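J.: What follows is a single structure, and I will ask about it in a moment.
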Amino acid sequence: MIFTLIVQASPYQHQAPETALRFAKALLRQGHTLHRIFFYRDGVHNGSALVSSPRDEQNLPEQWQALAEEHDLDIVVCIAAAIRRGVLDATEAKRYERRGDNLHSAFELSGLGQLVEASLASDRVITFGG
Amino acid sequence: MIFTLIVQASPYQHQAPETALRFAKALLRQGHTLHRIFFYRDGVHNGSALVSSPRDEQNLPEQWQALAEEHDLDIVVCIAAAIRRGVLDATEAKRYERRGDNLHSAFELSGLGQLVEASLASDRVITFGG
Amino acid sequence: MSINKRFLLISRSAPYGTSAAREMLDIALTCSVFEQPVTLLLLGDAVLQLIRDHRPDEVSQKNLNALQASLAMYDIDRILIPETALQKHGLSTDQLSIPIELINAEQLPALIAEHDIVITI
Amino acid sequence: MSINKRFLLISRSAPYGTSAAREMLDIALTCSVFEQPVTLLLLGDAVLQLIRDHRPDEVSQKNLNALQASLAMYDIDRILIPETALQKHGLSTDQLSIPIELINAEQLPALIAEHDIVITI
Amino acid sequence: MPTLHTLNRGPSHASCLEECLSTMANDDTLLLIEDGVYWALPSHISVLNDVSHIRALKADVLARGLHQLSGTELVDDDGFVGLCTQHDRVVSWF
Amino acid sequence: MPTLHTLNRGPSHASCLEECLSTMANDDTLLLIEDGVYWALPSHISVLNDVSHIRALKADVLARGLHQLSGTELVDDDGFVGLCTQHDRVVSWF
């Protein structure tokens with residue numbers, strides 16, 4: 001089956017992104033297809049390349065990155081939500097004249113259309129909120 | 001009177017930081033002293049230098065910065081909370097080997113001791129959460 | 001896009017205290033731009049989003065009433081509210097900013113079942 | 001620091017679903033390091049923080065029971081729970097990870113009044 | 001001695017208000033802010049019957065289209081600061 | 001036809017559960033996740049009396065020290081995915 005996940009909560013503060021990560025791993029393990037993970041609202045902070053975690057705590061953005069690279073996943077951060085929350089790639093940092101960018105390279109900034117497109121292309125859409 | 005404010009919620013997603021900003025302006029207007037604003041939990045995102053807002057929406061981090069500069073305020077972002085959430089100054093970015101930093105220059109990363117110290121030095125401590 | 005799916009967006013949040021109401025409308029308008037039929041269901045405190053005469057400039061936010069008024073132009077005309085939610089807040093339909101459809105609580109399970117994609121926000 | 005103020009930290013949140021429980025304990029330990037007396041008040045779902053035998057490795061989080069056990073070493077021994085909150089969840093004090101002090105709901109206003117700084121989290 | 005309590009959650013968060021009320025003394029003040037101002041609607045205000053001093057933050061009342069709220073005294077941001085100085089401590093419920 | 005509902009809020013958020021229940025059909029399934037698993041405590045489970053199919057996510061039950069929860073069937077992450085495939089749509093309550 002084809003799945004799309006929507007993640008609406010920030011990591012560390014909320015458990016929802018961690019639940020979503022475990023769910024994503026389980027569905028891939030079972031041979032299902034993960035069409036896209038769409039990060040919305042404070043969920044855009046899952047795409048931060050600047051998160052550091054003590055050695056005994058998990059780093060969600062790095063885990064998303066690793067999962068995406070292993071399975072060639074499409075992990076999209078909502079561009080409108082991200083810009084208002086300070087999550088930028090190099091292009092947007094330049095466009096908005098910010099001093100740097102902080103989006104992990106495995107993530108892509110794109111519009112809400114990617115959420116609608118993914119919903120149309122998927123058998124199931126699961127929201128993880130907090 | 002001497003005030004300290006604690007801001008625990010992320011801007012844009014929650015109204016609490018905007019309420020805190022208006023409160024801060026009001027107390028300064030009345031001639032009170034604002035000893036410190038301490039940003040904790042997802043409130044650390046108030047310190048982001050990468051936030052951009054459409055022209056007709058307010059940019060909270062920039063407003064904090066402007067207020068701090070105008071009144072020479074001590075605006076502190078909790079370092080432990082910030083590092084886990086991807087809000088870093090240049091020193092921490094180097095320490096944790098992250099590719100950049102994103103803390104607005106008016107803010108300072110420091111420990112929870114600054115919250116306790118500020119509480120001791122203030123007549124009133126007001127929490128803004130979301 | 002050729003495939004049509006019926007989208008249902010569910011909100012449970014009051015306006016302005018969080019960005020949920022605004023960000024639900026952003027999804028709704030996007031569904032419409034992509035020519036997908038979309039229904040909005042406002043439960044509990046979300047009913048309060050539709051009170052008229054917002055003045056959110058007082059809290060430096062954009063006016064949701066204006067966004068709500070634009071829904072019809074995007075052919076988003078199914079905005080559903082359970083009668084019980086309206087009663088709970090002591091409101092009547094003529095106090096609301098836009099026309100809505102009242103729904104009996106008993107009809108809610110059927111409403112869910114007639115949509116393909118349900119997104120809560 | 002010479003001035004002493006009495007700190008009261010109030011939590012209303014269950015553990016692990018959010019970071020609130022953990023981040024309240026971080027403030028408590030800091031108060032103690034700065035030799036300030038601190039009381040913890042757990043209301044509503046926050047009582048659930050003290051259930052024993054957490055296994056948060058299942059959800060990749062650190063064990064709050066371990067942090068709770070360290071409170072006594074930091075001389076944080078006033079952990080208050082309203083009897084009603086415990087009853088609401090059907091729990092008894094012997095099911096909890098650490099010793100706590102039960103408080104009657106009627107005593108809550110006086111508890112607030114005897115503290116200088118109240119921080120909710 | 002008295003305490004100022006602020007509350008920013010609406011009627012869907014009944015336990016937030018309940019827990020606030022359980023800690024309030026007779027001479028305490030409750031200031032409704034942000035989504036908390038909806039508790040001042042006629043259909044909800046009765047749960048605040050035991051609270052002697054109720055205020056609502058004006059900007060939040062106006063923002064939400066509640067101009068005709070009667071019975072609840074409004075305070076502006078300066079009034080909010082004033083309430084903080086007139087009480088010995090502030091407890092925030094959210 | 002049937003729908004899978006997930007719920008991640010604890011008993012303090014009663015309206016979250018109420019609104020979830022108001023939309024549930026008889027053959028729908030309720031999966032308690034994260035703080036939602038506390039609804040399976042003996043003191044709360046009765047509010048779920050009208051729900052025919054209740055599951056709780058095992059990792060969240062164990063994380064919170066609720067190993068002795070009886071009466072509620074646990075599912076692991078694979079079971080969560082399975083439930084999604086066995087229902088026509090998923091509605092998340094949070």
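Starting from 1 in every chain, residues are counted up; chains themselves are A, B, ... following the order of the structure tokens, and ligands are numbered from 1 as listed.
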Name the residues in contact with Asp45 of chain C at a cut-off of 10 Å, using only C-alpha atoms, excluding same-chain residues fewer than 6 positions from it; report them as a ChimeraX atom specification.
T.: /C:11-15,85-86,88-89 /E:10-13,35,38 /F:15
J.: Selection from above, all heavy atoms, as a compact mmCIF listing (two decimals), in the first residue's frame, can you write it?
T.:
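Saved the output as selection.txt:
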# COMPACT_ATOMS: atom_id res chain seq x y z
N SER C 11 -11.10 20.80 12.39
CA SER C 11 -10.42 21.67 13.34
C SER C 11 -11.13 21.63 14.67
O SER C 11 -12.36 21.51 14.74
CB SER C 11 -10.41 23.11 12.82
OG SER C 11 -9.83 23.97 13.79
N ARG C 12 -10.36 21.70 15.74
CA ARG C 12 -10.91 21.69 17.10
C ARG C 12 -10.48 22.95 17.87
O ARG C 12 -10.76 23.05 19.06
CB ARG C 12 -10.41 20.46 17.87
CG ARG C 12 -10.76 19.12 17.23
CD ARG C 12 -10.25 17.95 18.08
NE ARG C 12 -10.64 18.12 19.44
CZ ARG C 12 -9.80 18.40 20.45
NH1 ARG C 12 -8.51 18.51 20.23
NH2 ARG C 12 -10.25 18.57 21.66
N SER C 13 -9.83 23.88 17.18
CA SER C 13 -9.16 24.98 17.89
C SER C 13 -9.85 26.32 17.72
O SER C 13 -10.31 26.67 16.63
CB SER C 13 -7.73 25.13 17.37
OG SER C 13 -7.04 23.91 17.51
N ALA C 14 -9.85 27.11 18.77
CA ALA C 14 -10.29 28.49 18.70
C ALA C 14 -9.31 29.28 17.84
O ALA C 14 -8.16 28.86 17.64
CB ALA C 14 -10.36 29.08 20.11
N PRO C 15 -9.74 30.43 17.31
CA PRO C 15 -8.84 31.21 16.47
C PRO C 15 -7.85 32.04 17.30
O PRO C 15 -8.11 32.35 18.46
CB PRO C 15 -9.79 32.14 15.72
CG PRO C 15 -10.93 32.34 16.67
CD PRO C 15 -11.08 31.04 17.41
N ALA C 85 -22.25 21.82 19.15
CA ALA C 85 -21.11 22.70 19.36
C ALA C 85 -21.55 24.15 19.40
O ALA C 85 -21.07 24.95 20.21
CB ALA C 85 -20.06 22.47 18.26
N LEU C 86 -22.49 24.47 18.50
CA LEU C 86 -23.01 25.84 18.47
C LEU C 86 -23.75 26.16 19.77
O LEU C 86 -23.55 27.21 20.38
CB LEU C 86 -23.96 25.97 17.27
CG LEU C 86 -24.09 27.32 16.59
CD1 LEU C 86 -22.73 27.84 16.14
CD2 LEU C 86 -25.02 27.22 15.39
N LYS C 88 -23.36 24.73 22.66
CA LYS C 88 -22.46 24.75 23.81
C LYS C 88 -21.93 26.16 24.07
O LYS C 88 -21.75 26.57 25.22
CB LYS C 88 -21.29 23.79 23.55
CG LYS C 88 -20.45 23.55 24.79
CD LYS C 88 -19.17 22.81 24.51
CE LYS C 88 -18.28 22.90 25.74
NZ LYS C 88 -16.90 22.48 25.49
N HIS C 89 -21.67 26.88 22.98
CA HIS C 89 -21.13 28.23 23.13
C HIS C 89 -22.23 29.29 23.10
O HIS C 89 -21.94 30.49 23.08
CB HIS C 89 -20.11 28.51 22.03
CG HIS C 89 -18.91 27.60 22.10
ND1 HIS C 89 -18.02 27.62 23.14
CD2 HIS C 89 -18.48 26.63 21.26
CE1 HIS C 89 -17.09 26.70 22.95
NE2 HIS C 89 -17.34 26.09 21.82
N GLY E 10 -9.31 28.00 26.03
CA GLY E 10 -10.75 28.11 25.86
C GLY E 10 -11.52 26.95 26.48
O GLY E 10 -10.94 26.06 27.11
N PRO E 11 -12.85 26.99 26.30
CA PRO E 11 -13.73 26.02 26.95
C PRO E 11 -13.44 24.55 26.61
O PRO E 11 -13.83 23.67 27.38
CB PRO E 11 -15.12 26.44 26.42
CG PRO E 11 -14.98 27.90 26.17
CD PRO E 11 -13.59 28.08 25.64
N SER E 12 -12.77 24.27 25.50
CA SER E 12 -12.41 22.87 25.22
C SER E 12 -11.41 22.34 26.23
O SER E 12 -11.22 21.13 26.34
CB SER E 12 -11.77 22.74 23.83
OG SER E 12 -12.74 22.68 22.83
N HIS E 13 -10.74 23.24 26.92
CA HIS E 13 -9.73 22.83 27.88
C HIS E 13 -10.28 23.05 29.30
O HIS E 13 -9.74 23.82 30.07
CB HIS E 13 -8.44 23.61 27.66
CG HIS E 13 -7.84 23.37 26.31
ND1 HIS E 13 -6.85 22.46 26.08
CD2 HIS E 13 -8.11 23.92 25.10
CE1 HIS E 13 -6.53 22.45 24.79
NE2 HIS E 13 -7.29 23.34 24.18
N ASP E 35 -7.16 32.70 24.19
CA ASP E 35 -8.40 31.93 24.04
C ASP E 35 -9.18 31.81 25.35
O ASP E 35 -10.34 31.38 25.35
CB ASP E 35 -8.09 30.52 23.51
CG ASP E 35 -7.61 30.54 22.06
OD1 ASP E 35 -7.79 31.58 21.39
OD2 ASP E 35 -7.08 29.52 21.59
N TYR E 38 -12.91 33.39 25.99
CA TYR E 38 -14.20 32.76 25.65
C TYR E 38 -14.97 32.29 26.88
O TYR E 38 -16.17 32.09 26.82
CB TYR E 38 -13.99 31.59 24.70
CG TYR E 38 -13.54 32.01 23.32
CD1 TYR E 38 -12.27 31.68 22.84
CD2 TYR E 38 -14.38 32.75 22.49
CE1 TYR E 38 -11.86 32.05 21.57
CE2 TYR E 38 -13.97 33.14 21.21
CZ TYR E 38 -12.71 32.78 20.76
OH TYR E 38 -12.31 33.17 19.51
N SER F 15 -12.24 16.69 26.14
CA SER F 15 -13.00 17.08 24.95
C SER F 15 -12.38 16.49 23.68
O SER F 15 -13.08 16.28 22.69
CB SER F 15 -13.11 18.59 24.84
OG SER F 15 -11.92 19.13 24.36
J.: DSSP on the backbone: what in chain F comes out strand (DSSP E or B), as a list in words?
T.: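 Taking chain F and keeping strand (DSSP E or B) gives Thr3, Leu4, His5, Thr6, Leu7, Thr29, Leu30, Leu31, Leu32, His53, Ile54, Arg55, Ala56, Leu57, Glu73, Leu74, Val75, Arg89, Val90, Val91, Ser92 and Trp93 of chain F.
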J.: Selection from above, N, CA and C atoms, as an mmCIF file, in the first residue's frame, can you write it?
T.:
data_model
loop_
_atom_site.group_PDB
_atom_site.id
_atom_site.type_symbol
_atom_site.label_atom_id
_atom_site.label_comp_id
_atom_site.auth_asym_id
_atom_site.auth_seq_id
_atom_site.Cartn_x
_atom_site.Cartn_y
_atom_site.Cartn_z
ATOM 1 N N THR F 3 -13.311 3.206 9.835
ATOM 2 C CA THR F 3 -12.260 4.200 10.016
ATOM 3 C C THR F 3 -11.429 3.833 11.240
ATOM 4 N N LEU F 4 -10.129 4.066 11.141
ATOM 5 C CA LEU F 4 -9.252 3.954 12.304
ATOM 6 C C LEU F 4 -9.071 5.354 12.896
ATOM 7 N N HIS F 5 -9.332 5.465 14.187
ATOM 8 C CA HIS F 5 -9.114 6.733 14.890
ATOM 9 C C HIS F 5 -7.918 6.552 15.831
ATOM 10 N N THR F 6 -6.948 7.450 15.746
ATOM 11 C CA THR F 6 -5.876 7.442 16.752
ATOM 12 C C THR F 6 -6.099 8.631 17.680
ATOM 13 N N LEU F 7 -5.725 8.464 18.930
ATOM 14 C CA LEU F 7 -5.902 9.541 19.917
ATOM 15 C C LEU F 7 -4.679 9.588 20.819
ATOM 16 N N THR F 29 -12.419 1.572 14.726
ATOM 17 C CA THR F 29 -11.464 1.157 15.756
ATOM 18 C C THR F 29 -10.806 2.399 16.356
ATOM 19 N N LEU F 30 -10.629 2.362 17.668
ATOM 20 C CA LEU F 30 -9.911 3.434 18.363
ATOM 21 C C LEU F 30 -8.555 2.905 18.804
ATOM 22 N N LEU F 31 -7.491 3.543 18.325
ATOM 23 C CA LEU F 31 -6.132 3.177 18.734
ATOM 24 C C LEU F 31 -5.583 4.268 19.644
ATOM 25 N N LEU F 32 -5.334 3.902 20.891
ATOM 26 C CA LEU F 32 -4.780 4.851 21.859
ATOM 27 C C LEU F 32 -3.267 4.890 21.707
ATOM 28 N N HIS F 53 -14.084 -1.659 19.206
ATOM 29 C CA HIS F 53 -12.717 -2.096 18.924
ATOM 30 C C HIS F 53 -11.727 -1.090 19.493
ATOM 31 N N ILE F 54 -11.043 -1.466 20.572
ATOM 32 C CA ILE F 54 -10.056 -0.586 21.198
ATOM 33 C C ILE F 54 -8.700 -1.278 21.153
ATOM 34 N N ARG F 55 -7.693 -0.517 20.771
ATOM 35 C CA ARG F 55 -6.321 -1.019 20.823
ATOM 36 C C ARG F 55 -5.468 0.054 21.494
ATOM 37 N N ALA F 56 -4.319 -0.352 22.040
ATOM 38 C CA ALA F 56 -3.373 0.616 22.594
ATOM 39 C C ALA F 56 -1.987 0.285 22.059
ATOM 40 N N LEU F 57 -1.204 1.313 21.799
ATOM 41 C CA LEU F 57 0.114 1.109 21.199
ATOM 42 C C LEU F 57 1.086 0.634 22.291
ATOM 43 N N GLU F 73 -6.368 -4.641 24.179
ATOM 44 C CA GLU F 73 -5.437 -5.372 23.330
ATOM 45 C C GLU F 73 -4.325 -4.436 22.872
ATOM 46 N N LEU F 74 -3.082 -4.864 23.002
ATOM 47 C CA LEU F 74 -1.953 -4.046 22.584
ATOM 48 C C LEU F 74 -1.553 -4.392 21.153
ATOM 49 N N VAL F 75 -1.100 -3.361 20.436
ATOM 50 C CA VAL F 75 -0.516 -3.609 19.109
ATOM 51 C C VAL F 75 0.853 -2.940 19.065
ATOM 52 N N ARG F 89 -9.603 4.654 6.138
ATOM 53 C CA ARG F 89 -9.006 5.965 6.355
ATOM 54 C C ARG F 89 -8.615 6.064 7.818
ATOM 55 N N VAL F 90 -7.758 7.020 8.104
ATOM 56 C CA VAL F 90 -7.290 7.206 9.477
ATOM 57 C C VAL F 90 -7.586 8.651 9.886
ATOM 58 N N VAL F 91 -8.182 8.810 11.055
ATOM 59 C CA VAL F 91 -8.423 10.147 11.599
ATOM 60 C C VAL F 91 -7.630 10.275 12.897
ATOM 61 N N SER F 92 -6.816 11.317 13.002
ATOM 62 C CA SER F 92 -5.951 11.500 14.170
ATOM 63 C C SER F 92 -6.530 12.559 15.076
ATOM 64 N N TRP F 93 -6.631 12.236 16.340
ATOM 65 C CA TRP F 93 -7.141 13.189 17.329
ATOM 66 C C TRP F 93 -6.018 13.567 18.270
#
J.: Given a cut-off of 9 Å, which residues of chain E touch chain B, counting only C-alpha atoms, written out as an MDAnalysis selection string?
T.: chainID E and resid 8:9 33:34 77:82 84:85 88:94
J.: Looking only at helix (DSSP H, G or I) from DSSP on the backbone, list the matching residues of chain A as a PyMOL selection string.
T.: chain A and resi 16-29+41-47+60-71+79-85+90-95+113-121
J.: Go ahead and save the picked residues with C-alpha atoms, as an mmCIF file, in the first residue's frame.
T.:
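Once written, again_14.cif looks like this:
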data_model
loop_
_atom_site.group_PDB
_atom_site.id
_atom_site.type_symbol
_atom_site.label_atom_id
_atom_site.label_comp_id
_atom_site.auth_asym_id
_atom_site.auth_seq_id
_atom_site.Cartn_x
_atom_site.Cartn_y
_atom_site.Cartn_z
ATOM 1 C CA ALA A 16 4.390 12.825 17.799
ATOM 2 C CA PRO A 17 7.422 13.033 15.463
ATOM 3 C CA GLU A 18 9.024 10.059 17.211
ATOM 4 C CA THR A 19 5.806 8.051 16.825
ATOM 5 C CA ALA A 20 5.733 9.029 13.153
ATOM 6 C CA LEU A 21 9.342 7.887 12.707
ATOM 7 C CA ARG A 22 8.630 4.477 14.237
ATOM 8 C CA PHE A 23 5.506 4.186 12.095
ATOM 9 C CA ALA A 24 7.478 5.046 8.962
ATOM 10 C CA LYS A 25 10.090 2.407 9.767
ATOM 11 C CA ALA A 26 7.398 -0.210 10.406
ATOM 12 C CA LEU A 27 5.576 0.402 7.149
ATOM 13 C CA LEU A 28 8.803 0.286 5.147
ATOM 14 C CA ARG A 29 9.804 -2.926 6.942
ATOM 15 C CA ARG A 41 3.180 23.787 11.287
ATOM 16 C CA ASP A 42 5.807 23.448 14.056
ATOM 17 C CA GLY A 43 6.613 20.087 12.469
ATOM 18 C CA VAL A 44 8.915 22.039 10.142
ATOM 19 C CA HIS A 45 11.507 22.008 12.938
ATOM 20 C CA ASN A 46 12.017 18.307 12.179
ATOM 21 C CA GLY A 47 14.030 19.532 9.205
ATOM 22 C CA LEU A 60 15.031 13.306 15.203
ATOM 23 C CA PRO A 61 16.183 15.425 12.241
ATOM 24 C CA GLU A 62 19.215 13.162 11.780
ATOM 25 C CA GLN A 63 17.020 10.090 12.029
ATOM 26 C CA TRP A 64 14.688 11.437 9.341
ATOM 27 C CA GLN A 65 17.705 12.182 7.192
ATOM 28 C CA ALA A 66 19.111 8.672 7.653
ATOM 29 C CA LEU A 67 15.768 7.035 6.900
ATOM 30 C CA ALA A 68 15.268 9.200 3.828
ATOM 31 C CA GLU A 69 18.692 8.343 2.481
ATOM 32 C CA GLU A 70 18.321 4.634 3.150
ATOM 33 C CA HIS A 71 14.937 4.421 1.421
ATOM 34 C CA ILE A 79 7.728 26.294 2.674
ATOM 35 C CA ALA A 80 5.171 28.818 3.952
ATOM 36 C CA ALA A 81 5.192 27.307 7.437
ATOM 37 C CA ALA A 82 8.982 27.010 7.433
ATOM 38 C CA ILE A 83 9.816 30.556 6.414
ATOM 39 C CA ARG A 84 7.649 31.964 9.215
ATOM 40 C CA ARG A 85 9.395 29.645 11.661
ATOM 41 C CA ALA A 90 20.064 28.217 0.831
ATOM 42 C CA THR A 91 17.715 29.527 -1.854
ATOM 43 C CA GLU A 92 15.202 30.927 0.619
ATOM 44 C CA ALA A 93 17.913 32.289 2.885
ATOM 45 C CA LYS A 94 19.156 34.276 -0.080
ATOM 46 C CA ARG A 95 15.692 35.346 -1.175
ATOM 47 C CA GLY A 113 0.364 21.396 -3.134
ATOM 48 C CA GLN A 114 2.789 18.608 -2.284
ATOM 49 C CA LEU A 115 0.483 17.588 0.528
ATOM 50 C CA VAL A 116 -2.535 17.482 -1.763
ATOM 51 C CA GLU A 117 -0.627 15.688 -4.525
ATOM 52 C CA ALA A 118 0.651 13.118 -2.028
ATOM 53 C CA SER A 119 -2.867 12.549 -0.710
ATOM 54 C CA LEU A 120 -4.090 11.831 -4.220
ATOM 55 C CA ALA A 121 -1.210 9.441 -4.891
#
J.: Quick check: residues of chain D within 7 Å of chain E, only C-alpha atoms, returned as a VMD selection string.
T.: chain D and resid 105 108 to 109 113 116 to 120
J.: Kindly determine which residues of chain D lie within 10 Å of chain A, considering only C-alpha atoms, and give the answer as an MDAnalysis selection string.
T.: chainID D and resid 15:20 22:23 57 59:62
J.: If you count only C-alpha atoms, which residues fall within 8 Å of segment 32-38 of chain D, apart from same-chain ones fewer than 2 positions away, as a list of chain:residue names?
T.: B:Gly113, B:Val116, D:Met1, D:Asn4, D:Lys5, D:Arg6, D:Phe7, D:Leu8, D:Leu9, D:Ala28, D:Leu29, D:Thr30, D:Leu40, D:Tyr74, D:Asp75, D:Ile76, D:Arg78
J.: Write the residues of the preceding selection, restricted to N, CA, C and O atoms, as a short mmCIF file (atom, residue, chain, number, x, y, z; two decimals), in the first residue's frame.
T.:
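That gives us out-v4.cif:
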data_model
loop_
_atom_site.label_atom_id
_atom_site.label_comp_id
_atom_site.auth_asym_id
_atom_site.auth_seq_id
_atom_site.Cartn_x
_atom_site.Cartn_y
_atom_site.Cartn_z
N GLY B 113 20.17 28.53 35.28
CA GLY B 113 20.56 29.35 36.42
C GLY B 113 20.15 30.80 36.23
O GLY B 113 19.85 31.51 37.20
N VAL B 116 16.70 31.20 37.49
CA VAL B 116 16.63 31.25 38.96
C VAL B 116 17.17 32.59 39.46
O VAL B 116 16.55 33.25 40.30
N MET D 1 24.13 32.75 46.03
CA MET D 1 23.10 33.78 46.12
C MET D 1 22.52 33.81 47.53
O MET D 1 22.22 32.78 48.10
N ASN D 4 16.79 34.12 49.61
CA ASN D 4 16.03 32.91 49.39
C ASN D 4 14.60 33.26 49.00
O ASN D 4 13.95 34.09 49.61
N LYS D 5 14.14 32.61 47.96
CA LYS D 5 12.72 32.71 47.62
C LYS D 5 12.18 31.30 47.51
O LYS D 5 12.88 30.37 47.11
N ARG D 6 10.93 31.16 47.89
CA ARG D 6 10.31 29.84 47.81
C ARG D 6 9.69 29.65 46.43
O ARG D 6 8.80 30.41 46.03
N PHE D 7 10.19 28.64 45.70
CA PHE D 7 9.71 28.37 44.34
C PHE D 7 8.65 27.26 44.39
O PHE D 7 8.82 26.25 45.07
N LEU D 8 7.60 27.47 43.62
CA LEU D 8 6.61 26.41 43.40
C LEU D 8 6.54 26.14 41.90
O LEU D 8 6.29 27.05 41.12
N LEU D 9 6.79 24.89 41.53
CA LEU D 9 6.66 24.50 40.12
C LEU D 9 5.39 23.67 39.97
O LEU D 9 5.18 22.71 40.70
N ALA D 28 13.60 22.34 38.54
CA ALA D 28 13.66 21.99 39.97
C ALA D 28 15.10 21.76 40.41
O ALA D 28 15.53 22.27 41.45
N LEU D 29 15.84 20.99 39.62
CA LEU D 29 17.22 20.69 39.99
C LEU D 29 18.06 21.96 39.99
O LEU D 29 18.94 22.15 40.84
N THR D 30 17.78 22.86 39.07
CA THR D 30 18.52 24.12 39.03
C THR D 30 18.24 24.96 40.28
O THR D 30 19.16 25.55 40.86
N LEU D 40 7.23 20.93 44.32
CA LEU D 40 6.59 20.52 43.06
C LEU D 40 5.12 20.21 43.34
O LEU D 40 4.81 19.50 44.30
N TYR D 74 18.90 15.92 45.87
CA TYR D 74 19.01 17.38 45.72
C TYR D 74 18.16 18.10 46.78
O TYR D 74 17.87 19.29 46.63
N ASP D 75 17.76 17.37 47.81
CA ASP D 75 16.93 17.93 48.89
C ASP D 75 15.61 18.48 48.40
O ASP D 75 15.06 19.42 48.98
N ILE D 76 15.12 17.91 47.32
CA ILE D 76 13.78 18.29 46.86
C ILE D 76 12.83 17.19 47.36
O ILE D 76 12.75 16.11 46.78
N ARG D 78 9.60 18.01 48.76
CA ARG D 78 8.18 18.40 48.81
C ARG D 78 7.57 18.23 47.43
O ARG D 78 7.61 19.12 46.58
#
J.: Have a look at B:Leu34, B:Leu73, B:Ile6, B:Val87 and name the one nearest to chain A; count only C-alpha atoms.
T.: B:Val87
J.: For atom CA of His115 of chain C and atom CA of Ile79 of chain C, determine how far apart the two atoms are, in Å to one decimal place.
T.: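 Computing the Euclidean distance for atom CA of His115 of chain C and atom CA of Ile79 of chain C yields 14.0 Å.
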J.: I'd like to know which of E:Val37, E:Leu17, E:Val47, E:Val61 is closest to chain F, using only C-alpha atoms.
T.: E:Leu17
J.: Quote the spacing between atom CA of Gln68 of chain C and atom CA of Leu50 of chain C in Å to one decimal place.
T.: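 Atom CA of Leu50 of chain C lies 7.9 Å from atom CA of Gln68 of chain C.
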